[in-house]
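Heads up, start-v4.cif below (mmCIF, C-alpha atoms and all ligand atoms):
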```
data_protein
#
loop_
_atom_site.group_PDB
_atom_site.id
_atom_site.type_symbol
_atom_site.label_atom_id
_atom_site.label_comp_id
_atom_site.auth_asym_id
_atom_site.auth_seq_id
_atom_site.Cartn_x
_atom_site.Cartn_y
_atom_site.Cartn_z
ATOM 1 C CA MET A 1 -13.422 -14.910 -15.511
ATOM 2 C CA SER A 2 -15.797 -12.217 -14.269
ATOM 3 C CA ALA A 3 -14.408 -8.770 -13.521
ATOM 4 C CA VAL A 4 -14.965 -6.967 -10.219
ATOM 5 C CA ILE A 5 -13.550 -3.744 -11.616
ATOM 6 C CA GLU A 6 -13.677 -2.565 -15.184
ATOM 7 C CA THR A 7 -12.565 0.816 -16.464
ATOM 8 C CA ARG A 8 -12.835 2.065 -20.002
ATOM 9 C CA ASP A 9 -10.844 5.027 -21.289
ATOM 10 C CA LEU A 10 -10.857 6.457 -17.790
ATOM 11 C CA THR A 11 -9.380 9.948 -17.775
ATOM 12 C CA LYS A 12 -8.959 12.452 -14.968
ATOM 13 C CA THR A 13 -7.257 15.756 -15.554
ATOM 14 C CA TYR A 14 -6.181 18.383 -13.051
ATOM 15 C CA GLY A 15 -5.453 21.428 -15.201
ATOM 16 C CA ALA A 16 -2.665 20.314 -17.484
ATOM 17 C CA VAL A 17 -1.933 17.138 -15.470
ATOM 18 C CA ARG A 18 -3.461 13.919 -16.774
ATOM 19 C CA ALA A 19 -3.630 11.880 -13.568
ATOM 20 C CA LEU A 20 -5.440 9.117 -15.509
ATOM 21 C CA ASP A 21 -4.995 9.062 -19.241
ATOM 22 C CA GLY A 22 -7.394 6.757 -21.063
ATOM 23 C CA LEU A 23 -7.007 3.883 -18.628
ATOM 24 C CA SER A 24 -8.746 0.641 -19.597
ATOM 25 C CA LEU A 25 -8.353 -2.052 -16.984
ATOM 26 C CA SER A 26 -10.175 -5.235 -16.052
ATOM 27 C CA ILE A 27 -9.582 -6.750 -12.615
ATOM 28 C CA PRO A 28 -10.782 -10.352 -12.273
ATOM 29 C CA ARG A 29 -12.700 -11.704 -9.289
ATOM 30 C CA GLY A 30 -10.642 -13.557 -6.675
ATOM 31 C CA GLY A 31 -7.047 -13.326 -5.538
ATOM 32 C CA VAL A 32 -4.817 -10.351 -4.848
ATOM 33 C CA TYR A 33 -4.363 -7.737 -7.564
ATOM 34 C CA GLY A 34 -1.612 -5.127 -7.358
ATOM 35 C CA VAL A 35 -1.653 -1.707 -8.955
ATOM 36 C CA LEU A 36 1.951 -0.632 -9.279
ATOM 37 C CA GLY A 37 3.557 2.556 -10.379
ATOM 38 C CA PRO A 38 5.988 5.271 -9.396
ATOM 39 C CA ASN A 39 4.779 8.275 -7.413
ATOM 40 C CA GLY A 40 2.321 10.312 -9.421
ATOM 41 C CA ALA A 41 1.416 7.383 -11.705
ATOM 42 C CA GLY A 42 -2.280 7.767 -10.886
ATOM 43 C CA LYS A 43 -2.838 4.909 -8.411
ATOM 44 C CA SER A 44 -4.635 6.991 -5.781
ATOM 45 C CA THR A 45 -6.636 8.823 -8.423
ATOM 46 C CA LEU A 46 -7.778 5.458 -9.796
ATOM 47 C CA PHE A 47 -8.828 4.217 -6.334
ATOM 48 C CA ARG A 48 -10.580 7.458 -5.440
ATOM 49 C CA THR A 49 -12.465 7.319 -8.707
ATOM 50 C CA LEU A 50 -13.499 3.700 -8.103
ATOM 51 C CA LEU A 51 -14.766 4.623 -4.654
ATOM 52 C CA GLY A 52 -16.781 7.517 -6.025
ATOM 53 C CA LEU A 53 -14.714 10.082 -4.107
ATOM 54 C CA ILE A 54 -13.771 11.948 -7.280
ATOM 55 C CA ARG A 55 -15.454 12.185 -10.651
ATOM 56 C CA PRO A 56 -13.573 11.188 -13.788
ATOM 57 C CA THR A 57 -13.199 13.802 -16.508
ATOM 58 C CA SER A 58 -14.254 11.197 -19.092
ATOM 59 C CA GLY A 59 -14.536 7.451 -19.537
ATOM 60 C CA ALA A 60 -16.372 4.867 -17.461
ATOM 61 C CA ALA A 61 -15.737 2.733 -14.393
ATOM 62 C CA MET A 62 -17.775 -0.256 -13.210
ATOM 63 C CA VAL A 63 -17.359 -1.853 -9.804
ATOM 64 C CA MET A 64 -19.040 -5.125 -8.805
ATOM 65 C CA GLY A 65 -21.182 -4.931 -11.911
ATOM 66 C CA GLY A 66 -22.584 -1.473 -11.110
ATOM 67 C CA HIS A 67 -21.550 2.038 -12.018
ATOM 68 C CA VAL A 68 -19.355 3.852 -9.512
ATOM 69 C CA GLY A 69 -21.580 5.414 -6.880
ATOM 70 C CA ASP A 70 -24.279 2.732 -7.254
ATOM 71 C CA VAL A 71 -25.325 2.037 -3.650
ATOM 72 C CA ALA A 72 -25.703 -1.746 -3.968
ATOM 73 C CA ALA A 73 -22.296 -2.034 -5.659
ATOM 74 C CA THR A 74 -20.614 0.256 -3.127
ATOM 75 C CA ARG A 75 -21.883 -1.853 -0.240
ATOM 76 C CA ARG A 76 -20.115 -4.863 -1.719
ATOM 77 C CA MET A 77 -16.712 -3.244 -1.368
ATOM 78 C CA GLY A 78 -14.608 -1.959 1.504
ATOM 79 C CA SER A 79 -11.538 0.226 1.429
ATOM 80 C CA MET A 80 -8.579 1.654 3.266
ATOM 81 C CA ILE A 81 -7.216 4.622 1.378
ATOM 82 C CA GLU A 82 -4.918 6.266 3.903
ATOM 83 C CA THR A 83 -3.467 5.224 7.236
ATOM 84 C CA PRO A 84 -6.587 5.647 9.312
ATOM 85 C CA ARG A 85 -6.806 8.012 12.278
ATOM 86 C CA PHE A 86 -9.122 7.476 15.220
ATOM 87 C CA PRO A 87 -9.829 9.298 18.464
ATOM 88 C CA PRO A 88 -6.748 8.287 20.498
ATOM 89 C CA TYR A 89 -8.695 7.661 23.715
ATOM 90 C CA MET A 90 -10.861 4.939 22.102
ATOM 91 C CA THR A 91 -9.990 1.260 22.183
ATOM 92 C CA ALA A 92 -9.877 -0.823 19.012
ATOM 93 C CA ARG A 93 -13.113 -2.506 20.079
ATOM 94 C CA GLN A 94 -14.834 0.844 20.632
ATOM 95 C CA VAL A 95 -13.670 2.158 17.239
ATOM 96 C CA LEU A 96 -15.075 -0.861 15.444
ATOM 97 C CA THR A 97 -18.342 -0.875 17.380
ATOM 98 C CA TRP A 98 -18.813 2.839 16.738
ATOM 99 C CA LEU A 99 -18.063 2.539 13.005
ATOM 100 C CA SER A 100 -20.249 -0.518 12.505
ATOM 101 C CA ILE A 101 -23.164 1.405 14.046
ATOM 102 C CA ALA A 102 -22.297 4.336 11.770
ATOM 103 C CA HIS A 103 -22.644 1.861 8.873
ATOM 104 C CA GLY A 104 -26.181 1.119 10.006
ATOM 105 C CA GLN A 105 -25.494 -2.182 11.745
ATOM 106 C CA LYS A 106 -26.873 -3.287 15.099
ATOM 107 C CA ALA A 107 -24.321 -3.353 17.913
ATOM 108 C CA ASP A 108 -22.996 -6.911 17.813
ATOM 109 C CA ALA A 109 -20.170 -7.650 20.252
ATOM 110 C CA ALA A 110 -19.510 -11.114 18.830
ATOM 111 C CA ARG A 111 -19.112 -9.758 15.312
ATOM 112 C CA VAL A 112 -16.730 -7.019 16.459
ATOM 113 C CA SER A 113 -14.640 -9.633 18.282
ATOM 114 C CA ARG A 114 -14.589 -11.743 15.142
ATOM 115 C CA TRP A 115 -13.243 -8.847 13.036
ATOM 116 C CA LEU A 116 -10.597 -8.052 15.649
ATOM 117 C CA GLU A 117 -9.571 -11.691 15.736
ATOM 118 C CA ARG A 118 -9.503 -11.800 11.923
ATOM 119 C CA VAL A 119 -6.957 -8.995 11.642
ATOM 120 C CA GLY A 120 -4.846 -10.258 14.546
ATOM 121 C CA LEU A 121 -5.836 -7.600 17.062
ATOM 122 C CA ALA A 122 -7.673 -9.824 19.563
ATOM 123 C CA ASP A 123 -5.025 -9.254 22.237
ATOM 124 C CA ALA A 124 -5.009 -5.496 21.716
ATOM 125 C CA ALA A 125 -8.793 -5.162 21.434
ATOM 126 C CA ASP A 126 -9.215 -3.265 24.686
ATOM 127 C CA ARG A 127 -6.134 -1.082 24.422
ATOM 128 C CA LYS A 128 -6.453 2.564 23.497
ATOM 129 C CA VAL A 129 -5.428 3.178 19.895
ATOM 130 C CA ARG A 130 -3.125 5.974 21.129
ATOM 131 C CA GLY A 131 -0.400 3.363 21.733
ATOM 132 C CA PHE A 132 -0.896 1.481 18.458
ATOM 133 C CA SER A 133 1.960 1.055 15.984
ATOM 134 C CA VAL A 134 1.461 1.976 12.319
ATOM 135 C CA GLY A 135 0.988 -1.726 11.556
ATOM 136 C CA MET A 136 -1.728 -2.106 14.199
ATOM 137 C CA MET A 137 -3.500 1.009 12.885
ATOM 138 C CA GLN A 138 -3.392 -0.380 9.359
ATOM 139 C CA ARG A 139 -4.799 -3.708 10.556
ATOM 140 C CA LEU A 140 -7.576 -1.885 12.372
ATOM 141 C CA GLY A 141 -8.152 -0.051 9.083
ATOM 142 C CA VAL A 142 -8.534 -3.413 7.334
ATOM 143 C CA ALA A 143 -11.032 -4.524 10.006
ATOM 144 C CA ILE A 144 -13.029 -1.373 9.240
ATOM 145 C CA ALA A 145 -12.883 -2.147 5.528
ATOM 146 C CA LEU A 146 -14.413 -5.539 6.394
ATOM 147 C CA ILE A 147 -17.316 -4.088 8.392
ATOM 148 C CA THR A 148 -19.842 -4.269 5.571
ATOM 149 C CA GLU A 149 -18.761 -7.868 4.814
ATOM 150 C CA PRO A 150 -17.597 -6.868 1.327
ATOM 151 C CA GLU A 151 -16.601 -9.118 -1.559
ATOM 152 C CA LEU A 152 -13.914 -6.698 -2.707
ATOM 153 C CA ILE A 153 -11.514 -4.586 -0.682
ATOM 154 C CA ILE A 154 -9.315 -1.819 -1.982
ATOM 155 C CA LEU A 155 -6.175 -0.991 -0.008
ATOM 156 C CA ASP A 156 -3.930 1.957 -0.871
ATOM 157 C CA GLU A 157 -0.331 1.284 0.213
ATOM 158 C CA PRO A 158 -1.334 -1.108 3.026
ATOM 159 C CA THR A 159 2.261 -1.596 4.202
ATOM 160 C CA SER A 160 3.489 1.983 4.035
ATOM 161 C CA GLY A 161 5.395 3.092 7.094
ATOM 162 C CA MET A 162 5.614 -0.416 8.530
ATOM 163 C CA ASP A 163 8.627 -2.278 9.851
ATOM 164 C CA PRO A 164 9.497 -5.699 8.324
ATOM 165 C CA PRO A 165 7.568 -7.783 10.920
ATOM 166 C CA GLY A 166 4.511 -5.558 10.396
ATOM 167 C CA ILE A 167 4.832 -5.981 6.637
ATOM 168 C CA GLN A 168 4.966 -9.759 7.020
ATOM 169 C CA GLU A 169 1.837 -9.782 9.168
ATOM 170 C CA MET A 170 -0.024 -7.567 6.719
ATOM 171 C CA ARG A 171 1.071 -9.791 3.844
ATOM 172 C CA ALA A 172 -0.254 -12.886 5.646
ATOM 173 C CA LEU A 173 -3.532 -11.098 6.400
ATOM 174 C CA ILE A 174 -3.997 -9.966 2.797
ATOM 175 C CA ARG A 175 -3.264 -13.443 1.452
ATOM 176 C CA SER A 176 -5.661 -15.077 3.883
ATOM 177 C CA LEU A 177 -8.456 -12.620 3.020
ATOM 178 C CA ALA A 178 -8.143 -13.843 -0.554
ATOM 179 C CA ASP A 179 -7.384 -17.515 0.104
ATOM 180 C CA THR A 180 -9.555 -18.224 3.160
ATOM 181 C CA ASP A 181 -12.339 -15.663 2.943
ATOM 182 C CA GLY A 182 -12.554 -15.634 -0.853
ATOM 183 C CA LEU A 183 -12.338 -11.836 -1.079
ATOM 184 C CA THR A 184 -10.852 -10.025 -4.020
ATOM 185 C CA VAL A 185 -8.118 -7.730 -2.706
ATOM 186 C CA VAL A 186 -6.914 -4.836 -4.855
ATOM 187 C CA LEU A 187 -3.943 -2.953 -3.501
ATOM 188 C CA ALA A 188 -1.682 -0.173 -4.650
ATOM 189 C CA SER A 189 1.965 -0.242 -3.820
ATOM 190 C CA HIS A 190 5.354 0.947 -4.903
ATOM 191 C CA GLN A 191 7.089 -1.743 -2.824
ATOM 192 C CA LEU A 192 7.907 -4.138 -5.611
ATOM 193 C CA LEU A 193 9.220 -7.074 -3.660
ATOM 194 C CA GLU A 194 6.177 -6.939 -1.437
ATOM 195 C CA VAL A 195 3.888 -6.938 -4.447
ATOM 196 C CA GLN A 196 5.767 -9.838 -5.982
ATOM 197 C CA ARG A 197 5.236 -11.836 -2.788
ATOM 198 C CA VAL A 198 1.584 -11.111 -2.185
ATOM 199 C CA CYS A 199 -0.093 -10.451 -5.559
ATOM 200 C CA ASP A 200 -1.364 -12.886 -8.163
ATOM 201 C CA ARG A 201 -1.687 -10.289 -10.910
ATOM 202 C CA VAL A 202 -0.452 -6.744 -11.370
ATOM 203 C CA ALA A 203 -1.073 -3.701 -13.495
ATOM 204 C CA ILE A 204 1.833 -1.304 -13.942
ATOM 205 C CA LEU A 205 0.764 2.310 -14.392
ATOM 206 C CA ASN A 206 2.911 5.188 -15.528
ATOM 207 C CA LYS A 207 1.719 8.745 -16.082
ATOM 208 C CA GLY A 208 -1.918 7.685 -15.874
ATOM 209 C CA ARG A 209 -1.563 4.944 -18.490
ATOM 210 C CA LEU A 210 -1.495 1.171 -18.282
ATOM 211 C CA VAL A 211 1.935 0.028 -19.431
ATOM 212 C CA ARG A 212 1.838 -3.654 -18.473
ATOM 213 C CA GLU A 213 -0.662 -6.109 -17.034
ATOM 214 C CA GLY A 214 -0.520 -9.786 -16.233
ATOM 215 C CA ALA A 215 0.051 -12.609 -13.771
ATOM 216 C CA VAL A 216 3.146 -12.023 -11.634
ATOM 217 C CA SER A 217 4.432 -15.478 -12.601
ATOM 218 C CA GLU A 218 4.042 -14.577 -16.283
ATOM 219 C CA LEU A 219 5.733 -11.187 -16.001
ATOM 220 C CA THR A 220 8.672 -12.585 -14.090
ATOM 221 C CA SER A 221 9.183 -15.734 -16.143
ATOM 222 C CA THR A 222 10.644 -13.872 -19.102
ATOM 223 C CA GLY A 223 14.361 -13.464 -18.683
ATOM 224 C CA GLU A 224 14.723 -16.634 -16.636
ATOM 225 C CA ARG A 225 18.341 -17.813 -16.213
ATOM 226 C CA LEU A 226 20.118 -20.805 -14.677
ATOM 227 C CA ARG A 227 22.391 -20.051 -11.713
ATOM 228 C CA LEU A 228 25.103 -22.655 -11.099
ATOM 229 C CA ASN A 229 27.506 -23.152 -8.228
ATOM 230 C CA VAL A 230 30.392 -24.934 -9.872
ATOM 231 C CA SER A 231 34.045 -25.696 -9.560
ATOM 232 C CA PRO A 232 36.343 -24.877 -11.239
ATOM 233 C CA LEU A 233 34.712 -21.655 -12.417
ATOM 234 C CA ALA A 234 37.114 -21.123 -15.306
ATOM 235 C CA THR A 235 36.325 -24.492 -16.905
ATOM 236 C CA ALA A 236 32.590 -23.853 -16.526
ATOM 237 C CA MET A 237 32.942 -20.424 -18.130
ATOM 238 C CA GLY A 238 34.835 -22.073 -20.991
ATOM 239 C CA VAL A 239 31.900 -24.434 -21.599
ATOM 240 C CA LEU A 240 29.325 -21.640 -21.345
ATOM 241 C CA GLY A 241 31.132 -19.185 -23.607
ATOM 242 C CA GLU A 242 29.058 -16.119 -24.338
ATOM 243 C CA LYS A 243 26.065 -17.497 -22.485
ATOM 244 C CA GLY A 244 27.835 -17.342 -19.124
ATOM 245 C CA THR A 245 28.377 -14.498 -16.687
ATOM 246 C CA LEU A 246 30.152 -14.577 -13.372
ATOM 247 C CA GLU A 247 28.049 -13.412 -10.435
ATOM 248 C CA GLY A 248 29.997 -13.655 -7.202
ATOM 249 C CA ASP A 249 31.066 -17.258 -6.771
ATOM 250 C CA ALA A 250 28.456 -18.576 -9.206
ATOM 251 C CA VAL A 251 27.990 -18.608 -12.949
ATOM 252 C CA VAL A 252 24.722 -17.601 -14.488
ATOM 253 C CA ALA A 253 23.745 -19.152 -17.802
ATOM 254 C CA ALA A 254 21.421 -17.298 -20.140
ATOM 255 C CA ILE A 255 19.734 -20.408 -21.521
ATOM 256 C CA LYS A 256 16.206 -21.745 -21.966
ATOM 257 C CA ARG A 257 14.896 -24.675 -19.912
ATOM 258 C CA PRO A 258 15.173 -27.299 -22.700
ATOM 259 C CA GLU A 259 18.887 -26.485 -23.060
ATOM 260 C CA ALA A 260 19.661 -27.271 -19.415
ATOM 261 C CA PRO A 261 20.218 -31.070 -19.576
ATOM 262 C CA ALA A 262 22.743 -30.749 -22.438
ATOM 263 C CA LEU A 263 24.578 -27.933 -20.652
ATOM 264 C CA ILE A 264 24.784 -29.875 -17.392
ATOM 265 C CA ARG A 265 26.020 -32.961 -19.286
ATOM 266 C CA ALA A 266 28.681 -30.877 -21.048
ATOM 267 C CA LEU A 267 29.869 -29.430 -17.731
ATOM 268 C CA VAL A 268 30.085 -32.858 -16.098
ATOM 269 C CA GLU A 269 31.977 -34.261 -19.117
ATOM 270 C CA LYS A 270 34.581 -31.490 -18.694
ATOM 271 C CA GLY A 271 35.048 -32.509 -15.057
ATOM 272 C CA VAL A 272 33.141 -29.556 -13.578
ATOM 273 C CA GLU A 273 31.537 -30.258 -10.196
ATOM 274 C CA ILE A 274 28.052 -28.847 -9.779
ATOM 275 C CA THR A 275 26.913 -28.290 -6.207
ATOM 276 C CA GLU A 276 23.771 -26.338 -6.996
ATOM 277 C CA ALA A 277 21.721 -25.387 -10.047
ATOM 278 C CA ARG A 278 18.567 -23.285 -9.838
ATOM 279 C CA TRP A 279 16.406 -21.116 -12.049
ATOM 280 C CA ILE A 280 16.261 -17.463 -11.233
ATOM 281 C CA GLY A 281 13.505 -15.315 -12.691
ATOM 282 C CA ALA A 282 13.520 -11.715 -13.716
ATOM 283 C CA ASP A 283 12.073 -9.936 -10.690
ATOM 284 C CA LEU A 284 9.252 -7.476 -10.818
ATOM 285 C CA GLU A 285 11.745 -4.714 -10.208
ATOM 286 C CA SER A 286 13.398 -5.201 -13.572
ATOM 287 C CA VAL A 287 10.012 -5.460 -15.331
ATOM 288 C CA PHE A 288 8.960 -2.253 -13.581
ATOM 289 C CA MET A 289 12.176 -0.470 -14.534
ATOM 290 C CA THR A 290 11.866 -1.518 -18.148
ATOM 291 C CA GLU A 291 8.269 -0.313 -18.331
ATOM 292 C CA THR A 292 8.505 2.918 -16.361
ATOM 293 C CA GLY A 293 12.177 3.864 -16.583
ATOM 294 C CA VAL A 294 12.032 4.493 -12.831
ATOM 295 C CA VAL A 295 14.680 3.020 -10.553
ATOM 296 C CA GLN A 296 13.291 2.261 -7.121
ATOM 297 C CA THR A 297 14.867 3.925 -4.127
ATOM 298 C CA PRO A 298 16.459 1.409 -1.735
ATOM 299 C CA GLU A 299 13.938 2.113 1.079
ATOM 300 C CA ALA A 300 11.161 1.088 -1.244
ATOM 301 C CA VAL A 301 12.601 -2.376 -1.731
ATOM 302 C CA ILE A 302 12.671 -4.190 1.553
HETATM 303 P P1 LIG B 1 0.016 7.978 -7.172
HETATM 304 O O1 LIG B 1 -1.053 7.554 -6.209
HETATM 305 O O2 LIG B 1 0.346 6.924 -8.185
HETATM 306 O O3 LIG B 1 1.249 8.501 -6.501
HETATM 307 P P2 LIG B 1 -1.785 10.167 -7.783
HETATM 308 O O4 LIG B 1 -3.033 9.553 -8.289
HETATM 309 O O5 LIG B 1 -1.769 10.637 -6.366
HETATM 310 O O6 LIG B 1 -0.558 9.197 -8.062
HETATM 311 O O7 LIG B 1 -1.411 11.417 -8.694
HETATM 312 C C1 LIG B 1 -1.390 11.398 -10.111
HETATM 313 C C2 LIG B 1 -1.085 12.791 -10.633
HETATM 314 O O8 LIG B 1 -2.202 13.644 -10.395
HETATM 315 C C3 LIG B 1 0.101 13.455 -9.972
HETATM 316 O O9 LIG B 1 0.789 14.207 -10.951
HETATM 317 C C4 LIG B 1 -0.533 14.363 -8.937
HETATM 318 O O10 LIG B 1 0.285 15.471 -8.674
HETATM 319 C C5 LIG B 1 -1.842 14.769 -9.622
HETATM 320 N N1 LIG B 1 -2.922 15.029 -8.671
HETATM 321 C C6 LIG B 1 -3.541 14.128 -7.871
HETATM 322 N N2 LIG B 1 -4.515 14.690 -7.133
HETATM 323 C C7 LIG B 1 -4.522 16.021 -7.475
HETATM 324 C C8 LIG B 1 -5.323 17.144 -7.073
HETATM 325 N N3 LIG B 1 -6.296 17.031 -6.171
HETATM 326 N N4 LIG B 1 -5.044 18.319 -7.649
HETATM 327 C C9 LIG B 1 -4.076 18.465 -8.579
HETATM 328 N N5 LIG B 1 -3.291 17.439 -9.004
HETATM 329 C C10 LIG B 1 -3.514 16.225 -8.460
#
```

Please lay out the structure from this file as structure tokens.
Ligand code: ADP
Amino acid sequence: MSAVIETRDLTKTYGAVRALDGLSLSIPRGGVYGVLGPNGAGKSTLFRTLLGLIRPTSGAAMVMGGHVGDVAATRRMGSMIETPRFPPYMTARQVLTWLSIAHGQKADAARVSRWLERVGLADAADRKVRGFSVGMMQRLGVAIALITEPELIILDEPTSGMDPPGIQEMRALIRSLADTDGLTVVLASHQLLEVQRVCDRVAILNKGRLVREGAVSELTSTGERLRLNVSPLATAMGVLGEKGTLEGDAVVAAIKRPEAPALIRALVEKGVEITEARWIGADLESVFMTETGVVQTPEAVI
């Protein structure tokens, strides 16, 4: 598993604030990687450091096998750090053509059309960006990140300010960049459900430190429980004893997978009817809360 990003003891201080505090992180090639953390955790500082926009106080960061700032390595990555702003009188096609020339490329109408198509803006290509929604602006920002045909793209809060349909489109785009184009996508977000849906692996940062890292499936598989729709509830609760809790019109059993067949047999033997049984995982939100002590605000969990 080769790493596209590697940091060692990365530290950035602003006066007394340690925005990054000895952060050692290795991000593997391929897939979608999420950097999670409450506000002020150091996500933007990490990204800005990786892009060579700010210098770390100490420690090292490697990107695409080169040191940060290395020209060859930088050309192999693209980024969208803030919701981009463009001259409002330009069309999406003009913005992309202009920026690709600024990146030293020859004007290539077919390539620009391909990028616009790729991010789902083909129909809006010749509209002025003045009328674009936040989601369309962000997608244009992703097209710009793709201009240098990078192998890695870094997106800071790519769904911030978007409505649910916009979020869904961005999620599909991010997934397809990884799955179809083979890019490594690294994104920062505080929208946990979104991260759970789109990312393969995550790092949870808090106060500039790495508090948890791993595959989303791994992090959410601990604390798995069996949710059962049963009747009568009282009999089922009697069978479950201390392992059962009532949640609405269902009972939730705190058991491990190998215990399930015996439990289901015991319920059936007591005359309990089971209409549904399914495993529910711990969601990323509870992992995040445990690690950071921060409860997400409702708007952050869509
Ligand atoms: P996040 O992106 O996770 O919200 P940031 O990287 O923006 O976190 O910030 C991490 C910490 O560093 C915060 O406490 C923030 O106030 C501080 N910080 C970031 N940039 C600056 C700066 N230019 N000057 C002073 N403090 C900063």

Could you list, as a VMD selection string, all protein and nucleic acid residues with an atom at most 8 Å from ligand LIG 1 (chain B), counting all atoms listed in the file? chain A and resid 13 to 15 17 to 20 36 to 46 188 205 to 208

Using all atoms listed in the file for the distances, tell me which of A:Thr148, A:Ser79, A:Thr97, A:Thr91 is nearest to Phe47 (chain A). A:Ser79

Taking into account only C-alpha atoms, which residue in the set A:Gly281, A:Val4, A:Ala266, A:Val68 is nearest to Tyr33 (chain A)? A:Val4

So which residues touch Glu276 (chain A) within 7 Å, counting only C-alpha atoms, skipping near sequence neighbours fewer than 2 positions away, as an mmCIF file with C-alpha atoms, keeping the file's coordinate frame?
```cif
data_model
loop_
_atom_site.group_PDB
_atom_site.id
_atom_site.type_symbol
_atom_site.label_atom_id
_atom_site.label_comp_id
_atom_site.auth_asym_id
_atom_site.auth_seq_id
_atom_site.Cartn_x
_atom_site.Cartn_y
_atom_site.Cartn_z
ATOM 1 C CA LEU A 228 25.103 -22.655 -11.099
ATOM 2 C CA ASN A 229 27.506 -23.152 -8.228
ATOM 3 C CA ILE A 274 28.052 -28.847 -9.779
ATOM 4 C CA ARG A 278 18.567 -23.285 -9.838
#
```

Determine the residue set returned by the PyMOL selection byres (((chain A and resi 67) around 12) and not hetatm) for the present structure, and present it as a list in words.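 Going through the file, the PyMOL selection byres (((chain A and resi 67) around 12) and not hetatm) ends up selecting Val4, Ile5, Glu6, Thr7, Arg8, Thr49, Leu50, Leu51, Gly52, Arg55, Gly59, Ala60, Ala61, Met62, Val63, Met64, Gly65, Gly66, Val68, Gly69, Asp70, Val71, Ala72, Ala73 and Thr74 of chain A.
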
Work out how far CA of Arg225 (chain A) is from CA of Trp279 (chain A), in Å to one decimal.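 That distance, rounded to one decimal, is 5.7 Å.
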
Restricting the calculation to all atoms listed in the file, which member of A:Glu82, A:Asp126, A:Arg227, A:Asp156 is positioned closest to Ala260 (chain A)?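 Going through A:Glu82, A:Asp126, A:Arg227, A:Asp156 one by one, the smallest distance to Ala260 (chain A) is for A:Arg227.
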
Name the residues that the PyMOL selection byres (((chain A and resi 93) around 9) and not hetatm) pulls out of this structure, and write them as a PyMOL selection string. chain A and resi 90-92+94-98+109+112-113+116+124-127

Excluding Ser176 (chain A) and residues on its chain fewer than 6 positions from it, collect all residues at most 10 Å away from it, counting only C-alpha atoms, and give them as a PyMOL selection string. chain A and resi 31-32+118-119+170+182-183

Find the distance between CA of Glu213 (chain A) and CA of Ile153 (chain A) and write it in Å to one decimal.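 If I compute the distance from CA of Glu213 (chain A) to CA of Ile153 (chain A), I get 19.7 Å.
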
Considering only C-alpha atoms, can you say which of A:Leu152, A:Leu25, A:Leu99, A:Val198 comes closest to Arg76 (chain A)? A:Leu152

What separates CA of Arg201 (chain A) and CA of Arg175 (chain A) is a distance of 12.9 Å

Hey, what's within 9 Å of Gly135 (chain A) if we count only C-alpha atoms and toss same-chain stuff fewer than 3 positions away? As JSON, numbers by chain, please? {"A": [132, 138, 139, 140, 158, 159, 160, 161, 162, 163, 165, 166, 167, 169, 170]}

Using all atoms listed in the file, find each residue in region 115-213 of chain A having at least one atom no more than 12 Å away from region 101-108 of chain A; report its shortest atom-to-atom pair and that distance in Å (one decimal), rows by chain then rising number, as CSV.
```
residue,atom,partner,partner_atom,distance
A:Trp115,CA,A:Asp108,CA,11.0
A:Ile144,CA,A:His103,CA,10.2
A:Ala145,CA,A:His103,CA,11.1
A:Leu146,CA,A:His103,CA,11.3
A:Ile147,CA,A:His103,CA,8.0
A:Thr148,CA,A:His103,CA,7.5
A:Glu149,CA,A:Gln105,CA,11.2
```
